[in-house]
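Chemist: Below are the structure tokens for one structure; questions will follow.
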Amino acid sequence: MSDVEKGGFISKVIGPKKRWRAYKARVKELPENRRTAVEAIERYLMHFVPTDGDSNAAMFEDLADLFEQAAADGTPIREIVGEDPVEFVDTFAENYSEGGYVPARARKQLVEALARAEEAEDTAGGKA
């Protein structure tokens with residue numbers, strides 16, 4: 001029986017449920033614009049082929065770490081993701097995944113969601 005059959009596909013994608021719930025709770029605590037950015041990146045990352053549940057759980061936890069630290073430091077979202085958010089997320093995911101096919105629609109959604117998050121950040125006067 002394969003690991004996927006034992007733990008289910010969802011467990012392979014998100015990792016152990018307890019870690020996933022802890023990650024989601026951390027994301028929920030982020031300022032709204034940062035949460036929007038993380039959730040957009042999360043949706044995009046779901047298109048990558050997971051290496052294993054633990055690697056993916058670590059990937060999402062590291063994503064939360066990155067945005068929590070950036071929020072604490074007052075680092076703007078654009079400084080985190082750079083000029084090309086798709087390139088940022090693709091590079092970020094390479095550290096944890098064997099890659100995957102990401103539809104053009106998902107790339108567009110990521111760029112638009114991060115633009116909205118950045119706009120909200122600018123409207124708030126950089127407070128996050």
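Identifiers in this document derive from the order of the structure tokens: chains are assigned A, B, ..., residues are numbered from 1 separately in each chain, and ligands are numbered from 1 in order of occurrence.
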Give me, as a ChimeraX atom specification, all polymer residues having an atom no more than 10 Å from segment 55-68 of chain A, counting only C-alpha atoms and skipping those fewer than 6 positions away in the same chain.
Modeler: /A:11-20,22-27,29-31,34-35,37-38,41-42,45-46,48-49,74-77,80,89,92-93,95-97
Chemist: Counting only C-alpha atoms, which residue out of A:Glu119, A:Ala106, A:Ala124, A:Ala72 sits closest to Ala40 of chain A?
Modeler: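 Among the listed residues, the smallest separation from Ala40 of chain A belongs to A:Ala106.
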Chemist: Pick the closest to Arg107 of chain A from A:Arg78, A:His47, A:Lys28, A:Arg21: which is it, counting only C-alpha atoms?
Modeler: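 Comparing A:Arg78, A:His47, A:Lys28, A:Arg21 against Arg107 of chain A, the winner is A:His47.
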Chemist: Skipping near chain neighbours, those fewer than 4 positions away, what residues fall within 12 Å of Arg105 of chain A using only C-alpha atoms, listed as a ChimeraX atom specification?
Modeler: /A:43-44,47,86,101,109-112
